[in-house]
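Everything below belongs to protein_16.cif, which stores mmCIF, C-alpha atoms.
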```cif
data_model
#
loop_
_atom_site.label_atom_id
_atom_site.label_comp_id
_atom_site.auth_asym_id
_atom_site.auth_seq_id
_atom_site.Cartn_x
_atom_site.Cartn_y
_atom_site.Cartn_z
CA GLN A 1450 0.00 0.00 0.00
CA VAL A 1451 0.92 3.64 -0.42
CA GLN A 1452 0.16 6.35 2.08
CA LEU A 1453 -0.15 9.94 0.89
CA VAL A 1454 -0.12 12.90 3.23
CA GLU A 1455 -0.85 16.46 2.09
CA SER A 1456 0.33 19.58 3.87
CA GLY A 1457 0.75 23.27 3.23
CA GLY A 1458 -2.83 24.46 3.06
CA GLY A 1459 -4.01 27.58 4.83
CA LEU A 1460 -5.68 30.95 4.54
CA VAL A 1461 -4.34 33.43 2.01
CA GLN A 1462 -5.57 36.63 0.41
CA ALA A 1463 -6.48 36.77 -3.26
CA GLY A 1464 -3.37 37.15 -5.37
CA GLY A 1465 -1.25 35.31 -2.84
CA SER A 1466 0.59 32.01 -3.07
CA LEU A 1467 0.73 28.67 -1.31
CA ARG A 1468 2.76 25.53 -1.86
CA LEU A 1469 1.16 22.20 -1.13
CA SER A 1470 3.19 19.06 -0.48
CA CYS A 1471 2.20 15.44 -0.93
CA ALA A 1472 4.50 12.95 0.76
CA ALA A 1473 4.30 9.30 -0.28
CA SER A 1474 5.33 6.44 1.97
CA GLY A 1475 5.03 2.69 1.90
CA ARG A 1476 6.95 -0.34 0.81
CA THR A 1477 9.52 0.18 -1.93
CA PHE A 1478 7.52 -1.98 -4.33
CA SER A 1479 4.42 0.13 -3.74
CA ILE A 1480 6.32 3.37 -4.27
CA SER A 1481 7.70 2.03 -7.53
CA ARG A 1482 4.15 1.47 -8.76
CA ILE A 1483 3.36 5.16 -8.65
CA TYR A 1484 3.00 6.22 -12.28
CA GLY A 1485 1.92 9.73 -11.48
CA VAL A 1486 0.46 11.88 -8.74
CA GLY A 1487 -2.63 13.90 -9.30
CA TRP A 1488 -4.03 16.87 -7.46
CA PHE A 1489 -7.77 17.26 -7.11
CA ARG A 1490 -9.91 19.71 -5.18
CA GLN A 1491 -13.40 19.72 -3.78
CA ALA A 1492 -15.33 22.81 -2.77
CA PRO A 1493 -18.41 22.60 -0.51
CA GLY A 1494 -21.40 21.30 -2.39
CA LYS A 1495 -19.37 20.55 -5.51
CA GLU A 1496 -17.87 17.43 -7.04
CA ARG A 1497 -14.19 16.66 -6.75
CA GLU A 1498 -12.38 18.09 -9.77
CA PHE A 1499 -9.02 17.55 -11.41
CA VAL A 1500 -6.36 20.21 -10.88
CA ALA A 1501 -2.99 18.84 -12.01
CA ASP A 1502 -0.98 15.68 -12.59
CA ILE A 1503 2.74 14.97 -12.76
CA GLY A 1504 4.47 11.84 -13.91
CA TRP A 1505 6.48 10.06 -11.24
CA SER A 1506 9.43 9.12 -13.45
CA THR A 1507 8.87 11.69 -16.20
CA SER A 1508 8.57 15.44 -16.24
CA ASN A 1509 5.19 15.34 -17.90
CA THR A 1510 2.61 17.62 -16.34
CA TYR A 1511 -1.04 18.23 -17.10
CA TYR A 1512 -3.26 21.00 -15.77
CA ALA A 1513 -6.89 21.93 -15.68
CA ASP A 1514 -7.61 24.99 -17.79
CA SER A 1515 -8.75 26.87 -14.69
CA VAL A 1516 -5.28 26.71 -13.12
CA LYS A 1517 -3.01 26.66 -16.17
CA GLY A 1518 -0.38 29.38 -15.91
CA ARG A 1519 -0.96 29.84 -12.17
CA PHE A 1520 -0.26 26.42 -10.66
CA THR A 1521 2.89 24.33 -11.13
CA ALA A 1522 3.38 20.72 -10.14
CA SER A 1523 6.85 19.41 -9.36
CA ARG A 1524 8.40 16.40 -7.70
CA ASP A 1525 11.36 15.36 -5.60
CA ASN A 1526 11.77 11.63 -6.04
CA ALA A 1527 14.53 11.45 -3.45
CA ARG A 1528 11.99 12.63 -0.89
CA ASN A 1529 9.04 10.78 -2.47
CA THR A 1530 7.26 14.12 -2.46
CA VAL A 1531 5.20 16.02 -5.00
CA TYR A 1532 4.49 19.73 -4.75
CA LEU A 1533 1.82 22.04 -6.08
CA GLN A 1534 2.90 25.66 -6.25
CA MET A 1535 -0.18 27.85 -6.42
CA ASN A 1536 0.25 31.48 -7.44
CA SER A 1537 -2.22 34.28 -8.16
CA LEU A 1538 -4.80 32.54 -6.04
CA LYS A 1539 -8.45 33.44 -6.47
CA PRO A 1540 -11.41 33.01 -4.10
CA GLU A 1541 -12.76 30.32 -6.44
CA ASP A 1542 -9.65 28.24 -5.68
CA THR A 1543 -11.00 27.73 -2.17
CA ALA A 1544 -11.41 23.99 -1.60
CA VAL A 1545 -9.98 20.94 0.08
CA TYR A 1546 -7.05 19.76 -2.01
CA PHE A 1547 -6.21 16.08 -2.32
CA CYS A 1548 -3.33 14.21 -3.87
CA ALA A 1549 -3.69 10.70 -5.23
CA ARG A 1550 -1.69 7.97 -6.91
CA ARG A 1551 -2.32 7.41 -10.62
CA LYS A 1552 -2.36 3.64 -10.85
CA GLY A 1553 -1.33 3.16 -14.46
CA PRO A 1554 0.90 4.78 -17.07
CA SER A 1555 -1.71 5.13 -19.78
CA LEU A 1556 -4.69 6.19 -17.74
CA SER A 1557 -6.37 9.51 -18.20
CA GLU A 1558 -4.89 12.11 -15.87
CA THR A 1559 -8.21 13.92 -15.46
CA THR A 1560 -10.38 10.95 -14.49
CA ILE A 1561 -10.88 10.18 -10.81
CA ASP A 1562 -11.05 6.44 -11.54
CA SER A 1563 -7.42 6.57 -12.71
CA TYR A 1564 -6.36 7.10 -9.11
CA ASP A 1565 -6.57 4.76 -6.16
CA TYR A 1566 -4.72 5.84 -3.03
CA TRP A 1567 -5.76 9.26 -1.74
CA GLY A 1568 -4.49 11.59 0.95
CA GLN A 1569 -6.72 13.05 3.64
CA GLY A 1570 -6.80 16.50 2.06
CA THR A 1571 -5.64 19.95 3.08
CA GLN A 1572 -7.86 23.04 3.23
CA VAL A 1573 -7.04 26.04 1.07
CA THR A 1574 -9.04 29.19 1.70
CA VAL A 1575 -8.58 32.31 -0.44
CA SER A 1576 -10.16 35.48 0.87
CA SER A 1577 -11.23 38.32 -1.40
#
```
Translate this structure into structure tokens?
Amino acid sequence: QVQLVESGGGLVQAGGSLRLSCAASGRTFSISRIYGVGWFRQAPGKEREFVADIGWSTSNTYYADSVKGRFTASRDNARNTVYLQMNSLKPEDTAVYFCARRKGPSLSETTIDSYDYWGQGTQVTVSS
């Protein structure tokens, strides 16, 4: 199994920045089966939506149109950690942010079913 733990959420004013972290742990075999890490978010009363994805052993990234140019995903394989740098934050970015393991190399990055292990989430609140 893989455990994912998010951190870095908080309260920030519109236009500000936050950096989220997603630390993966587990047996070496499980870590090696991470093909990518996705970031999703869920606002109150709304469905969970895709935000970004980064390949675990590649530099490929994929972003939702709503965050493209403002958010950047990166990874540090030595630390088994993925980051989401969020700049120019807007009130509509307010949500609980989750990271998750993409369970296959050819699965759609934007589809929730492509991911299996999920973190507990971290709250991001952007005030206007």
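Here atom CA of A:Gly1458 and atom CA of A:Trp1505 stand 22.3 Å from one another.
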On this structure, which residues satisfy the PyMOL selection byres ((chain A and resi 1552) around 9), written as a count of residues only? 14
Pick from A:Arg1524, A:Arg1497, A:Arg1468, A:Arg1476 nearest to A:Thr1560, counting only C-alpha atoms: A:Arg1497
For the PyMOL selection byres ((chain A and resi 1498-1500) around 6), applied here, can you spell out every residue it catches as a PyMOL selection string? chain A and resi 1488-1490+1497+1501+1512-1513+1559
Prev. selection, C-alpha atoms, output as a CSV table (one decimal), keeping the file's coordinate frame:
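Heads up, here's the output in out-v6.csv:
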```csv
chain,number,residue,atom,x,y,z
A,1488,TRP,CA,-4.0,16.9,-7.5
A,1489,PHE,CA,-7.8,17.3,-7.1
A,1490,ARG,CA,-9.9,19.7,-5.2
A,1497,ARG,CA,-14.2,16.7,-6.8
A,1501,ALA,CA,-3.0,18.8,-12.0
A,1512,TYR,CA,-3.3,21.0,-15.8
A,1513,ALA,CA,-6.9,21.9,-15.7
A,1559,THR,CA,-8.2,13.9,-15.5
```
Enclosing box along x, y and z for every listed atom of stretch 1555-1570 of chain A, padded 5 Å each side, centre and size in Å, one decimal, as AutoDock Vina command-line options:
```
--center_x -6.4 --center_y 10.6 --center_z -8.1 --size_x 19.3 --size_y 21.7 --size_z 33.4
```
Please expand the PyMOL selection byres ((chain A and resi 1529) around 10) into the concrete residues it hits in this file, giving the result as a PyMOL selection string. chain A and resi 1453+1471-1474+1480+1505+1524-1528+1530-1531
Could you rebuild stretch 1459-1470 of chain A with all heavy atoms and give me the result as an mmCIF file, keeping the file's coordinate frame?
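Result file rebuild.cif:
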```
data_model
loop_
_atom_site.group_PDB
_atom_site.id
_atom_site.type_symbol
_atom_site.label_atom_id
_atom_site.label_comp_id
_atom_site.auth_asym_id
_atom_site.auth_seq_id
_atom_site.Cartn_x
_atom_site.Cartn_y
_atom_site.Cartn_z
ATOM 1 N N GLY A 1459 -3.839 26.479 3.887
ATOM 2 C CA GLY A 1459 -4.010 27.580 4.830
ATOM 3 C C GLY A 1459 -4.902 28.647 4.271
ATOM 4 O O GLY A 1459 -5.598 28.448 3.271
ATOM 5 N N LEU A 1460 -4.881 29.790 4.930
ATOM 6 C CA LEU A 1460 -5.680 30.950 4.540
ATOM 7 C C LEU A 1460 -4.762 31.981 3.889
ATOM 8 O O LEU A 1460 -3.717 32.332 4.457
ATOM 9 C CB LEU A 1460 -6.371 31.548 5.767
ATOM 10 C CG LEU A 1460 -7.107 32.868 5.576
ATOM 11 C CD1 LEU A 1460 -8.284 32.692 4.622
ATOM 12 C CD2 LEU A 1460 -7.577 33.409 6.929
ATOM 13 N N VAL A 1461 -5.155 32.464 2.728
ATOM 14 C CA VAL A 1461 -4.340 33.430 2.010
ATOM 15 C C VAL A 1461 -5.255 34.430 1.313
ATOM 16 O O VAL A 1461 -6.403 34.096 0.974
ATOM 17 C CB VAL A 1461 -3.417 32.712 0.988
ATOM 18 C CG1 VAL A 1461 -4.235 32.027 -0.088
ATOM 19 C CG2 VAL A 1461 -2.397 33.664 0.397
ATOM 20 N N GLN A 1462 -4.784 35.637 1.122
ATOM 21 C CA GLN A 1462 -5.570 36.630 0.410
ATOM 22 C C GLN A 1462 -5.486 36.399 -1.101
ATOM 23 O O GLN A 1462 -4.516 35.811 -1.601
ATOM 24 C CB GLN A 1462 -5.056 38.035 0.735
ATOM 25 C CG GLN A 1462 -5.385 38.493 2.137
ATOM 26 C CD GLN A 1462 -5.042 39.957 2.358
ATOM 27 O OE1 GLN A 1462 -4.146 40.499 1.724
ATOM 28 N NE2 GLN A 1462 -5.752 40.613 3.270
ATOM 29 N N ALA A 1463 -6.481 36.876 -1.798
ATOM 30 C CA ALA A 1463 -6.480 36.770 -3.260
ATOM 31 C C ALA A 1463 -5.209 37.404 -3.822
ATOM 32 O O ALA A 1463 -4.767 38.459 -3.354
ATOM 33 C CB ALA A 1463 -7.715 37.453 -3.831
ATOM 34 N N GLY A 1464 -4.630 36.712 -4.793
ATOM 35 C CA GLY A 1464 -3.370 37.150 -5.370
ATOM 36 C C GLY A 1464 -2.144 36.552 -4.706
ATOM 37 O O GLY A 1464 -1.028 36.675 -5.228
ATOM 38 N N GLY A 1465 -2.355 35.910 -3.578
ATOM 39 C CA GLY A 1465 -1.250 35.310 -2.840
ATOM 40 C C GLY A 1465 -0.874 33.936 -3.366
ATOM 41 O O GLY A 1465 -1.400 33.468 -4.385
ATOM 42 N N SER A 1466 0.053 33.309 -2.650
ATOM 43 C CA SER A 1466 0.590 32.010 -3.070
ATOM 44 C C SER A 1466 0.610 31.031 -1.905
ATOM 45 O O SER A 1466 0.716 31.427 -0.738
ATOM 46 C CB SER A 1466 2.028 32.184 -3.601
ATOM 47 O OG SER A 1466 2.062 33.028 -4.719
ATOM 48 N N LEU A 1467 0.537 29.764 -2.250
ATOM 49 C CA LEU A 1467 0.730 28.670 -1.310
ATOM 50 C C LEU A 1467 1.436 27.546 -2.041
ATOM 51 O O LEU A 1467 1.286 27.399 -3.258
ATOM 52 C CB LEU A 1467 -0.613 28.146 -0.772
ATOM 53 C CG LEU A 1467 -1.355 28.937 0.301
ATOM 54 C CD1 LEU A 1467 -2.719 28.320 0.566
ATOM 55 C CD2 LEU A 1467 -0.545 29.014 1.590
ATOM 56 N N ARG A 1468 2.168 26.732 -1.290
ATOM 57 C CA ARG A 1468 2.760 25.530 -1.860
ATOM 58 C C ARG A 1468 2.292 24.329 -1.067
ATOM 59 O O ARG A 1468 2.544 24.233 0.138
ATOM 60 C CB ARG A 1468 4.291 25.577 -1.865
ATOM 61 C CG ARG A 1468 4.898 24.422 -2.657
ATOM 62 C CD ARG A 1468 6.400 24.469 -2.736
ATOM 63 N NE ARG A 1468 7.039 23.976 -1.526
ATOM 64 C CZ ARG A 1468 8.283 23.488 -1.473
ATOM 65 N NH1 ARG A 1468 9.001 23.435 -2.588
ATOM 66 N NH2 ARG A 1468 8.798 23.090 -0.338
ATOM 67 N N LEU A 1469 1.615 23.439 -1.747
ATOM 68 C CA LEU A 1469 1.160 22.200 -1.130
ATOM 69 C C LEU A 1469 2.203 21.112 -1.344
ATOM 70 O O LEU A 1469 2.872 21.081 -2.365
ATOM 71 C CB LEU A 1469 -0.171 21.759 -1.725
ATOM 72 C CG LEU A 1469 -1.321 22.772 -1.692
ATOM 73 C CD1 LEU A 1469 -2.589 22.136 -2.252
ATOM 74 C CD2 LEU A 1469 -1.543 23.308 -0.302
ATOM 75 N N SER A 1470 2.302 20.214 -0.384
ATOM 76 C CA SER A 1470 3.190 19.060 -0.480
ATOM 77 C C SER A 1470 2.364 17.794 -0.355
ATOM 78 O O SER A 1470 1.354 17.762 0.354
ATOM 79 C CB SER A 1470 4.246 19.088 0.622
ATOM 80 O OG SER A 1470 5.057 20.236 0.526
#
```
